[in-house]
Each structure stands twice: as structure tokens, then as C-alpha cells.
>>> print(open('final_3.txt').read())   # compact mmCIF, C-alpha atoms (C1' of nucleotides)
# COMPACT_ATOMS: atom_id res chain seq x y z
CA MET A 1 4.25 17.65 14.53
CA ASN A 2 2.57 21.02 14.45
CA ILE A 3 -1.05 22.07 14.76
CA GLU A 4 -1.58 22.82 11.08
CA LYS A 5 -0.54 19.31 10.19
CA LYS A 6 -2.89 17.82 12.73
CA LYS A 7 -5.74 19.84 11.30
CA ARG A 8 -4.86 18.60 7.88
CA LEU A 9 -4.90 15.04 9.09
CA GLU A 10 -8.20 15.42 10.86
CA ARG A 11 -9.77 16.86 7.76
CA SER A 12 -8.48 13.88 5.79
CA GLY A 13 -10.31 11.54 8.08
CA TRP A 14 -7.48 10.03 10.08
CA THR A 15 -8.34 8.41 13.32
CA VAL A 16 -5.00 6.86 13.89
CA GLY A 17 -3.75 4.66 16.65
CA GLY A 18 -5.58 2.42 19.00
CA ALA A 19 -5.13 4.86 21.85
CA ALA A 20 -8.22 6.75 22.85
CA ASP A 21 -6.59 10.15 22.79
CA PHE A 22 -7.28 12.41 19.88
CA LEU A 23 -4.56 11.85 17.30
CA GLN A 24 -2.14 10.30 19.72
CA LEU A 25 0.08 8.63 17.18
CA SER A 26 3.07 6.46 17.77
CA PRO A 27 6.33 7.57 16.18
CA GLU A 28 5.92 4.90 13.51
CA GLU A 29 2.40 5.93 12.68
CA ALA A 30 3.50 9.52 12.47
CA LYS A 31 6.36 8.70 10.12
CA PHE A 32 4.11 6.58 8.00
CA ILE A 33 1.60 9.35 7.58
CA GLU A 34 4.27 11.93 6.88
CA LEU A 35 5.49 9.64 4.18
CA LYS A 36 2.09 9.32 2.61
CA LEU A 37 1.57 13.05 2.70
CA ALA A 38 4.96 13.62 1.10
CA LEU A 39 4.02 11.32 -1.76
CA ALA A 40 0.59 12.84 -2.04
CA ALA A 41 2.24 16.20 -2.49
CA ALA A 42 4.59 14.70 -5.05
CA VAL A 43 1.70 13.38 -7.07
CA ARG A 44 0.06 16.76 -7.23
CA GLU A 45 3.34 18.47 -8.00
CA GLN A 46 4.29 16.10 -10.79
CA ARG A 47 0.84 15.96 -12.29
CA GLU A 48 0.66 19.71 -12.50
CA LYS A 49 4.20 19.92 -13.77
CA ARG A 50 3.18 17.78 -16.73
CA GLY A 51 0.01 19.74 -17.25
CA LEU A 52 -2.25 16.79 -16.62
CA THR A 53 -5.71 17.12 -15.17
CA GLN A 54 -6.80 14.73 -12.47
CA THR A 55 -9.10 13.14 -14.98
CA ALA A 56 -6.27 12.60 -17.43
CA LEU A 57 -4.02 11.04 -14.85
CA ALA A 58 -6.88 8.87 -13.65
CA ALA A 59 -7.35 7.58 -17.17
CA GLN A 60 -3.67 6.74 -17.60
CA LEU A 61 -3.80 5.04 -14.27
CA GLY A 62 -7.03 3.18 -14.90
CA SER A 63 -8.65 4.96 -12.02
CA SER A 64 -11.04 7.83 -11.55
CA GLN A 65 -10.82 11.53 -10.95
CA SER A 66 -12.18 11.22 -7.45
CA ARG A 67 -9.48 8.76 -6.47
CA VAL A 68 -6.81 11.11 -7.74
CA ALA A 69 -8.35 13.95 -5.80
CA LYS A 70 -8.34 11.82 -2.67
CA MET A 71 -4.77 10.78 -3.33
CA GLU A 72 -3.61 14.34 -3.48
CA ALA A 73 -5.66 15.23 -0.44
CA GLY A 74 -3.94 12.49 1.53
CA ASP A 75 -7.25 10.81 2.23
CA HIS A 76 -7.03 7.85 4.57
CA SER A 77 -8.68 5.65 1.98
CA VAL A 78 -5.70 5.74 -0.33
CA SER A 79 -2.80 3.39 0.06
CA LEU A 80 0.87 3.87 -0.50
CA ASP A 81 0.53 1.35 -3.29
CA LEU A 82 -1.77 3.62 -5.21
CA LEU A 83 0.35 6.68 -4.63
CA ILE A 84 3.45 4.94 -5.87
CA ARG A 85 1.67 3.46 -8.85
CA ALA A 86 0.46 6.93 -9.69
CA LEU A 87 3.97 8.34 -9.52
CA LEU A 88 5.35 5.57 -11.68
CA THR A 89 2.57 6.13 -14.17
CA ILE A 90 3.35 9.82 -14.29
CA GLY A 91 6.84 8.87 -15.29
CA ALA A 92 8.82 8.89 -12.08
CA GLY A 93 11.58 6.39 -11.46
CA SER A 94 12.63 4.69 -8.25
CA ALA A 95 15.27 7.32 -7.68
CA ASP A 96 12.68 10.10 -7.84
CA ILE A 97 10.44 8.30 -5.42
CA ALA A 98 13.36 7.76 -3.09
CA ARG A 99 14.02 11.47 -3.19
CA TRP A 100 10.44 12.36 -2.27
CA ILE A 101 10.46 9.88 0.54
CA LYS A 102 13.66 11.22 1.93
CA ARG A 103 12.08 14.64 1.83
CA ALA A 104 9.53 13.39 4.34
CA ASP A 105 12.32 13.49 6.87
CA SER A 106 13.02 17.19 6.68
CA THR A 107 9.31 17.87 7.07
CA ARG A 108 9.60 16.12 10.38
CA ALA A 109 12.18 18.56 11.61
CA ALA A 110 9.81 21.50 11.91
CA MET B 1 14.35 -8.56 -16.36
CA ASN B 2 16.04 -11.90 -16.23
CA ILE B 3 14.74 -15.44 -16.04
CA GLU B 4 15.57 -16.01 -12.40
CA LYS B 5 13.52 -12.99 -11.43
CA LYS B 6 10.58 -14.17 -13.45
CA LYS B 7 10.71 -17.53 -11.75
CA ARG B 8 10.77 -15.78 -8.41
CA LEU B 9 7.72 -13.79 -9.37
CA GLU B 10 5.83 -16.77 -10.60
CA ARG B 11 6.50 -18.62 -7.39
CA SER B 12 5.20 -15.65 -5.46
CA GLY B 13 1.91 -15.86 -7.28
CA TRP B 14 2.11 -12.88 -9.59
CA THR B 15 -0.21 -12.79 -12.53
CA VAL B 16 0.41 -9.26 -13.45
CA GLY B 17 -1.02 -7.15 -16.19
CA GLY B 18 -4.25 -7.46 -18.06
CA ALA B 19 -2.47 -8.83 -21.10
CA ALA B 20 -2.91 -12.51 -21.68
CA ASP B 21 0.72 -13.29 -22.18
CA PHE B 22 2.59 -14.97 -19.37
CA LEU B 23 4.12 -12.25 -17.21
CA GLN B 24 3.93 -9.57 -19.82
CA LEU B 25 4.31 -6.58 -17.58
CA SER B 26 4.31 -2.95 -18.45
CA PRO B 27 7.36 -0.93 -17.47
CA GLU B 28 5.41 0.60 -14.57
CA GLU B 29 4.24 -2.75 -13.31
CA ALA B 30 7.76 -4.05 -13.51
CA LYS B 31 9.17 -1.12 -11.58
CA PHE B 32 6.46 -1.44 -9.00
CA ILE B 33 7.23 -5.08 -8.41
CA GLU B 34 10.96 -4.50 -8.31
CA LEU B 35 10.28 -1.94 -5.66
CA LYS B 36 8.23 -4.31 -3.58
CA LEU B 37 10.86 -7.00 -3.85
CA ALA B 38 13.56 -4.57 -2.83
CA LEU B 39 11.62 -3.68 0.30
CA ALA B 40 10.81 -7.30 0.98
CA ALA B 41 14.51 -8.03 0.94
CA ALA B 42 15.13 -5.07 3.21
CA VAL B 43 12.64 -6.38 5.74
CA ARG B 44 14.35 -9.73 5.90
CA GLU B 45 17.78 -8.15 6.07
CA GLN B 46 16.88 -5.73 8.83
CA ARG B 47 14.91 -8.24 10.83
CA GLU B 48 17.80 -10.67 10.81
CA LYS B 49 20.27 -7.92 11.52
CA ARG B 50 18.40 -7.18 14.74
CA GLY B 51 18.10 -10.84 15.60
CA LEU B 52 14.33 -10.83 15.51
CA THR B 53 12.27 -13.87 14.59
CA GLN B 54 9.36 -13.47 12.24
CA THR B 55 7.08 -14.09 15.17
CA ALA B 56 8.72 -11.35 17.20
CA LEU B 57 8.48 -8.82 14.41
CA ALA B 58 4.89 -9.83 13.80
CA ALA B 59 4.07 -9.14 17.44
CA GLN B 60 5.69 -5.69 17.36
CA LEU B 61 3.81 -4.99 14.20
CA GLY B 62 0.47 -6.33 15.39
CA SER B 63 0.50 -8.92 12.67
CA SER B 64 1.25 -12.61 12.42
CA GLN B 65 4.20 -14.77 11.56
CA SER B 66 2.65 -15.93 8.33
CA ARG B 67 2.22 -12.36 7.12
CA VAL B 68 5.84 -11.62 7.82
CA ALA B 69 6.87 -14.74 5.94
CA LYS B 70 4.77 -13.66 2.99
CA MET B 71 6.19 -10.18 3.17
CA GLU B 72 9.70 -11.44 2.93
CA ALA B 73 8.75 -13.84 0.18
CA GLY B 74 7.39 -10.95 -1.86
CA ASP B 75 3.98 -12.55 -1.96
CA HIS B 76 1.47 -10.76 -4.13
CA SER B 77 -0.91 -10.50 -1.21
CA VAL B 78 1.24 -8.04 0.69
CA SER B 79 1.01 -4.36 0.10
CA LEU B 80 3.66 -1.70 0.07
CA ASP B 81 1.90 -0.22 3.06
CA LEU B 82 2.60 -3.27 5.14
CA LEU B 83 6.20 -3.51 4.00
CA ILE B 84 6.86 0.08 4.89
CA ARG B 85 5.08 -0.19 8.20
CA ALA B 86 7.22 -3.21 8.96
CA LEU B 87 10.40 -1.32 8.16
CA LEU B 88 9.37 1.64 10.28
CA THR B 89 8.53 -0.71 13.12
CA ILE B 90 11.91 -2.35 12.86
CA GLY B 91 13.38 1.06 13.37
CA ALA B 92 14.12 2.35 9.92
CA GLY B 93 13.70 6.01 9.06
CA SER B 94 12.52 7.63 5.87
CA ALA B 95 16.08 8.05 4.72
CA ASP B 96 16.75 4.33 5.05
CA ILE B 97 13.62 3.49 3.14
CA ALA B 98 14.58 5.94 0.46
CA ARG B 99 17.93 4.20 0.16
CA TRP B 100 16.35 0.77 -0.27
CA ILE B 101 13.98 2.09 -2.84
CA LYS B 102 16.74 3.68 -4.80
CA ARG B 103 18.51 0.36 -4.70
CA ALA B 104 15.61 -1.09 -6.70
CA ASP B 105 16.97 0.89 -9.62
CA SER B 106 20.34 -0.78 -9.83
CA THR B 107 18.65 -4.17 -9.70
CA ARG B 108 16.91 -3.14 -12.85
CA ALA B 109 20.16 -2.61 -14.70
CA ALA B 110 21.08 -6.29 -14.86
C1' DA C 1 -25.05 35.66 -13.32
C1' DC C 2 -24.21 31.63 -16.49
C1' DT C 3 -21.23 28.25 -18.28
C1' DC C 4 -17.18 25.62 -18.57
C1' DG C 5 -13.30 23.06 -17.06
C1' DC C 6 -11.28 21.44 -13.14
C1' DT C 7 -11.14 19.75 -8.30
C1' DA C 8 -13.39 18.13 -3.81
C1' DT C 9 -16.31 15.10 -1.16
C1' DG C 10 -19.46 11.47 -0.15
C1' DT C 11 -21.41 6.99 -0.93
C1' DC C 12 -21.85 2.62 -3.19
C1' DC C 13 -20.39 -2.41 -4.13
C1' DA C 14 -16.51 -5.11 -5.81
C1' DA C 15 -11.89 -6.31 -5.25
C1' DT C 16 -7.93 -6.90 -2.50
C1' DA C 17 -5.29 -7.10 1.76
C1' DT C 18 -5.18 -8.55 6.49
C1' DG C 19 -4.65 -11.31 10.82
C1' DA C 20 -5.47 -15.68 12.41
C1' DC C 21 -5.10 -20.31 12.27
C1' DA C 22 -3.65 -24.86 10.64
C1' DT C 23 -0.15 -27.36 8.79
C1' DA C 24 3.98 -28.40 6.41
C1' DG C 25 8.88 -27.77 5.70
C1' DT C 26 13.55 -26.53 7.30
C1' DT C 27 17.60 -26.43 10.35
C1' DG C 28 20.12 -27.29 14.31
C1' DT C 29 21.01 -30.09 18.70
C1' DC C 30 21.06 -33.90 21.31
C1' DG D 1 15.83 -39.81 14.29
C1' DA D 2 13.31 -37.21 17.76
C1' DC D 3 12.72 -32.84 19.32
C1' DA D 4 12.62 -27.82 19.25
C1' DA D 5 12.75 -23.37 17.13
C1' DC D 6 12.03 -21.04 13.19
C1' DT D 7 10.10 -20.29 8.52
C1' DA D 8 6.88 -21.38 4.46
C1' DT D 9 2.33 -22.04 2.46
C1' DG D 10 -2.68 -22.42 2.24
C1' DT D 11 -7.23 -20.95 3.58
C1' DC D 12 -10.79 -18.18 5.61
C1' DA D 13 -13.70 -14.34 7.63
C1' DT D 14 -13.33 -9.68 8.14
C1' DA D 15 -11.50 -5.10 7.13
C1' DT D 16 -9.63 -1.92 4.08
C1' DT D 17 -9.05 -0.09 -0.44
C1' DG D 18 -10.54 0.76 -5.18
C1' DG D 19 -13.27 2.46 -9.22
C1' DA D 20 -17.44 4.46 -10.32
C1' DC D 21 -20.89 7.68 -9.93
C1' DA D 22 -23.29 11.74 -8.19
C1' DT D 23 -22.91 16.14 -6.76
C1' DA D 24 -21.02 20.19 -4.87
C1' DG D 25 -17.38 23.90 -4.94
C1' DC D 26 -14.41 27.02 -7.36
C1' DG D 27 -12.06 30.18 -10.56
C1' DA D 28 -11.87 32.31 -15.06
C1' DG D 29 -13.92 33.92 -19.07
C1' DT D 30 -17.84 36.07 -21.21
>>> encode(input="final_3.txt", output="C-alpha cells")
Amino acid sequence: MNIEKKKRLERSGWTVGGAADFLQLSPEEAKFIELKLALAAAVREQREKRGLTQTALAAQLGSSQSRVAKMEAGDHSVSLDLLIRALLTIGAGSADIARWIKRADSTRAA
Amino acid sequence: MNIEKKKRLERSGWTVGGAADFLQLSPEEAKFIELKLALAAAVREQREKRGLTQTALAAQLGSSQSRVAKMEAGDHSVSLDLLIRALLTIGAGSADIARWIKRADSTRAA
DNA sequence: ACTCGCTATGTCCAATATGACATAGTTGTC
DNA sequence: GACAACTATGTCATATTGGACATAGCGAGT
């Protein structure tokens, strides 16, 4: 995991892992976060692709613009559940989601 | 979605959707639940494959046996986050998870 | 520079998820 | 059928997540 990514995580408010060290994440934690970030990116990508504003998506989703913003920012206060629900709401199917998740793997190989 | 599946959902404590009708779920809600069930099944499958007890997995995961049981039962009180964390802990990679998620699609086509 | 439409960030309180525990049920062995 | 090992279910206190709101930032058009 490179420096840029760490910065991104720090900005998003992650204080992962019980270990004292700054951002000393276990392999599982790392994968989990990568996964969330991949889906966060997918949400933004798909939303924009369909020409929706954050507010519009929020409405469809029964949520609020700020939540959507946080989702796309990969904020630590948003769960996988919400990300996936957002993607499903946007119109994605399980296969699409699977694809985006798989993509999280290649990101790892930087 | 067939009757058996509904029964399974009811047993797991789902009272989905705002609509009054009994288990009247929107397509997105349905997909979301299918997805959770697919992962729940994957957890059980993988755990057993590695000869772990629920208690053992719980320990590795920093959780408790009862949570693992609920996970595998597809209880409504367990989040996607936990399911995925469990799978990662068991040793799955993003690609595996993607595969199980994709599998949720075929289930749909009953 | 002002406004407008969109996005970002921070903070609330309510809602939901979590680990822990207790307890019941199941399955296999003797 | 008693015991042991494992799994299922219920409940609770605490922690995390969620929607809402306020407000700040930002780019484009005028």
C-alpha cells in the first residue's frame, strides 16, 4: 500500500487496527478497506455516469446528500451495507458489484 | 423468489420494506438480501471447509460464537461488513468474494 | 464579485449492529 | 441416557452507523 493511499485513508478518518502504530493494518483490515474504497469509487463513477447529483441519489436512496458525499469519500462512518445499497439503487446488479470488488484486487498489486 | 426462501427470511427475522404487506420487498431490497444470504452461506461453507468451529472463527475474528451462528443463519442483525470481514479472516480474497457475490445472481433465476 | 448548483465536512440524536453472556438445542460417543 | 462438543436463539449494554441539518468550499456563468 503506497503513501498516497495512506494519506487518503488518514484524511477519511481511519484509525484502523488495535496496534498503536500509525496505520499499522493487518492484511485483512487492508483488504477490507481497499474493498470499501473500490465500491466508493464505483458509486461515484456510476452516479456520474447516470448524470445524478448526490442529492438526487440520496433521495432515491432515502438518505441525504452528506451521506452520499461521505460514501464517495470513503469516510469511515459509512458501511459496506450502505455502499452496496447505493449501488443496487443506482441500478447495478450482483454481477456488477462482483466486478467492482474483484477490481479491488488489482489495486492491491501496485 | 420462492416460498422456501421467504420462509427462510421470516425465520431470520426480516421485516423488510416500509410497505405494510408481508415481505413485500422492492427489487433492490430483494437483491440485497440475496446477497447477504449468499455470503452467509459462503461463511459456513468456508469455515467448515477449514475445519473451524464457530467458536474458533469467532476468536480469530474478535467476535463471539453467537455472532457467527447468526451470521451463518442470515440473521437480520448481521451486517455485510461483518460477513465480509469474516470471509477475509477465513482467508478469502477479493476475487473469492466477488465470485460468491456473483453467485447470488443465479440464485435469483429460480 | 455575486449567485447558483453541486459537493465537502462537521455535528447532532436516533437507529442499528456488536460482543458478551445465558441458555437451549443438536449430534455423536460411550 | 449421560456426557461432551458444537451450534442456535434470546437479551442486553455499548459502540457504530445513519439521516438530517448547518455551513463551508468550489467551479461556471454572468
>>> atom_distance(input="final_3.txt", atom1="CA of Glu72 in chain B", atom2="CA of Leu52 in chain B")
13.4 Å
>>> closest_residue(input="final_3.txt", among="B:Leu39, B:Leu25, B:Ala56, B:Lys31", to="chain D", atoms="all atoms listed in the file")
B:Ala56
>>> residues_around(input="final_3.txt", residues="range 102-106 of chain B", least_positions_apart="5", cutoff="10 Å", atoms="all atoms listed in the file", output="PyMOL selection string")
(chain A and resi 93-99) or (chain B and resi 31-39+96-97)
>>> interface_residues(input="final_3.txt", of="chain A", to="chain C", cutoff="8 Å", atoms="all atoms listed in the file", output="ChimeraX atom specification")
/A:53-54,66,69
>>> interface_residues(input="final_3.txt", of="chain D", to="chain B", cutoff="9 Å", atoms="only C-alpha atoms (C1' of nucleotides)", output="VMD selection string")
chain D and resid 6 to 9
>>> atom_distance(input="final_3.txt", atom1="CA of Lys49 in chain A", atom2="CA of Arg85 in chain A")
17.4 Å
>>> atom_distance(input="final_3.txt", atom1="CA of Leu83 in chain B", atom2="CA of Gly74 in chain A")
19.1 Å
>>> residues_around(input="final_3.txt", residues="range 12-25 of chain D", least_positions_apart="4", cutoff="7 Å", atoms="all atoms listed in the file", output="ChimeraX atom specification")
/A:63-64,77-78
>>> build_atoms(input="final_3.txt", residues="range 50-77 of chain B", atoms="N, CA and C atoms", output="PDB file, keeping the file's coordinate frame")
ATOM      1  N   ARG B  50      18.731  -7.480  13.345  1.00  0.00           N
ATOM      2  CA  ARG B  50      18.400  -7.180  14.740  1.00  0.00           C
ATOM      3  C   ARG B  50      18.087  -8.451  15.527  1.00  0.00           C
ATOM      4  N   GLY B  51      18.305  -9.592  14.905  1.00  0.00           N
ATOM      5  CA  GLY B  51      18.100 -10.840  15.600  1.00  0.00           C
ATOM      6  C   GLY B  51      16.661 -11.108  16.012  1.00  0.00           C
ATOM      7  N   LEU B  52      15.735 -10.576  15.228  1.00  0.00           N
ATOM      8  CA  LEU B  52      14.330 -10.830  15.510  1.00  0.00           C
ATOM      9  C   LEU B  52      13.848 -12.060  14.758  1.00  0.00           C
ATOM     10  N   THR B  53      12.921 -12.801  15.341  1.00  0.00           N
ATOM     11  CA  THR B  53      12.270 -13.870  14.590  1.00  0.00           C
ATOM     12  C   THR B  53      11.055 -13.257  13.899  1.00  0.00           C
ATOM     13  N   GLN B  54      10.548 -13.958  12.928  1.00  0.00           N
ATOM     14  CA  GLN B  54       9.360 -13.470  12.240  1.00  0.00           C
ATOM     15  C   GLN B  54       8.229 -13.263  13.226  1.00  0.00           C
ATOM     16  N   THR B  55       8.126 -14.179  14.153  1.00  0.00           N
ATOM     17  CA  THR B  55       7.080 -14.090  15.170  1.00  0.00           C
ATOM     18  C   THR B  55       7.238 -12.828  16.007  1.00  0.00           C
ATOM     19  N   ALA B  56       8.470 -12.524  16.377  1.00  0.00           N
ATOM     20  CA  ALA B  56       8.720 -11.350  17.200  1.00  0.00           C
ATOM     21  C   ALA B  56       8.346 -10.079  16.451  1.00  0.00           C
ATOM     22  N   LEU B  57       8.807  -9.998  15.210  1.00  0.00           N
ATOM     23  CA  LEU B  57       8.480  -8.820  14.410  1.00  0.00           C
ATOM     24  C   LEU B  57       6.968  -8.699  14.255  1.00  0.00           C
ATOM     25  N   ALA B  58       6.338  -9.818  13.977  1.00  0.00           N
ATOM     26  CA  ALA B  58       4.890  -9.830  13.800  1.00  0.00           C
ATOM     27  C   ALA B  58       4.206  -9.230  15.030  1.00  0.00           C
ATOM     28  N   ALA B  59       4.666  -9.616  16.195  1.00  0.00           N
ATOM     29  CA  ALA B  59       4.070  -9.140  17.440  1.00  0.00           C
ATOM     30  C   ALA B  59       4.223  -7.613  17.532  1.00  0.00           C
ATOM     31  N   GLN B  60       5.439  -7.128  17.303  1.00  0.00           N
ATOM     32  CA  GLN B  60       5.690  -5.690  17.360  1.00  0.00           C
ATOM     33  C   GLN B  60       4.804  -4.942  16.392  1.00  0.00           C
ATOM     34  N   LEU B  61       4.508  -5.620  15.319  1.00  0.00           N
ATOM     35  CA  LEU B  61       3.810  -4.990  14.200  1.00  0.00           C
ATOM     36  C   LEU B  61       2.302  -5.178  14.328  1.00  0.00           C
ATOM     37  N   GLY B  62       1.897  -6.012  15.269  1.00  0.00           N
ATOM     38  CA  GLY B  62       0.470  -6.330  15.390  1.00  0.00           C
ATOM     39  C   GLY B  62       0.009  -7.180  14.240  1.00  0.00           C
ATOM     40  N   SER B  63       0.861  -8.053  13.784  1.00  0.00           N
ATOM     41  CA  SER B  63       0.500  -8.920  12.670  1.00  0.00           C
ATOM     42  C   SER B  63       0.825 -10.357  13.064  1.00  0.00           C
ATOM     43  N   SER B  64       0.980 -11.218  12.092  1.00  0.00           N
ATOM     44  CA  SER B  64       1.250 -12.610  12.420  1.00  0.00           C
ATOM     45  C   SER B  64       2.439 -13.145  11.641  1.00  0.00           C
ATOM     46  N   GLN B  65       3.008 -14.186  12.152  1.00  0.00           N
ATOM     47  CA  GLN B  65       4.200 -14.770  11.560  1.00  0.00           C
ATOM     48  C   GLN B  65       4.015 -15.039  10.069  1.00  0.00           C
ATOM     49  N   SER B  66       2.869 -15.576   9.729  1.00  0.00           N
ATOM     50  CA  SER B  66       2.650 -15.930   8.330  1.00  0.00           C
ATOM     51  C   SER B  66       2.699 -14.698   7.426  1.00  0.00           C
ATOM     52  N   ARG B  67       2.145 -13.605   7.910  1.00  0.00           N
ATOM     53  CA  ARG B  67       2.220 -12.360   7.120  1.00  0.00           C
ATOM     54  C   ARG B  67       3.664 -11.960   6.908  1.00  0.00           C
ATOM     55  N   VAL B  68       4.441 -12.019   7.948  1.00  0.00           N
ATOM     56  CA  VAL B  68       5.840 -11.620   7.820  1.00  0.00           C
ATOM     57  C   VAL B  68       6.540 -12.526   6.813  1.00  0.00           C
ATOM     58  N   ALA B  69       6.274 -13.811   6.900  1.00  0.00           N
ATOM     59  CA  ALA B  69       6.870 -14.740   5.940  1.00  0.00           C
ATOM     60  C   ALA B  69       6.489 -14.324   4.525  1.00  0.00           C
ATOM     61  N   LYS B  70       5.234 -14.045   4.326  1.00  0.00           N
ATOM     62  CA  LYS B  70       4.770 -13.660   2.990  1.00  0.00           C
ATOM     63  C   LYS B  70       5.401 -12.352   2.558  1.00  0.00           C
ATOM     64  N   MET B  71       5.542 -11.444   3.489  1.00  0.00           N
ATOM     65  CA  MET B  71       6.190 -10.180   3.170  1.00  0.00           C
ATOM     66  C   MET B  71       7.574 -10.427   2.590  1.00  0.00           C
ATOM     67  N   GLU B  72       8.312 -11.219   3.323  1.00  0.00           N
ATOM     68  CA  GLU B  72       9.700 -11.440   2.930  1.00  0.00           C
ATOM     69  C   GLU B  72       9.792 -12.261   1.653  1.00  0.00           C
ATOM     70  N   ALA B  73       8.767 -13.023   1.397  1.00  0.00           N
ATOM     71  CA  ALA B  73       8.750 -13.840   0.180  1.00  0.00           C
ATOM     72  C   ALA B  73       8.309 -13.016  -1.020  1.00  0.00           C
ATOM     73  N   GLY B  74       7.888 -11.778  -0.771  1.00  0.00           N
ATOM     74  CA  GLY B  74       7.390 -10.950  -1.860  1.00  0.00           C
ATOM     75  C   GLY B  74       6.069 -11.439  -2.408  1.00  0.00           C
ATOM     76  N   ASP B  75       5.287 -12.032  -1.541  1.00  0.00           N
ATOM     77  CA  ASP B  75       3.980 -12.550  -1.960  1.00  0.00           C
ATOM     78  C   ASP B  75       3.104 -11.439  -2.516  1.00  0.00           C
ATOM     79  N   HIS B  76       2.281 -11.793  -3.479  1.00  0.00           N
ATOM     80  CA  HIS B  76       1.470 -10.760  -4.130  1.00  0.00           C
ATOM     81  C   HIS B  76       0.382 -10.238  -3.208  1.00  0.00           C
ATOM     82  N   SER B  77       0.150 -10.936  -2.119  1.00  0.00           N
ATOM     83  CA  SER B  77      -0.910 -10.500  -1.210  1.00  0.00           C
ATOM     84  C   SER B  77      -0.424  -9.490  -0.182  1.00  0.00           C
TER      85      SER B  77
END
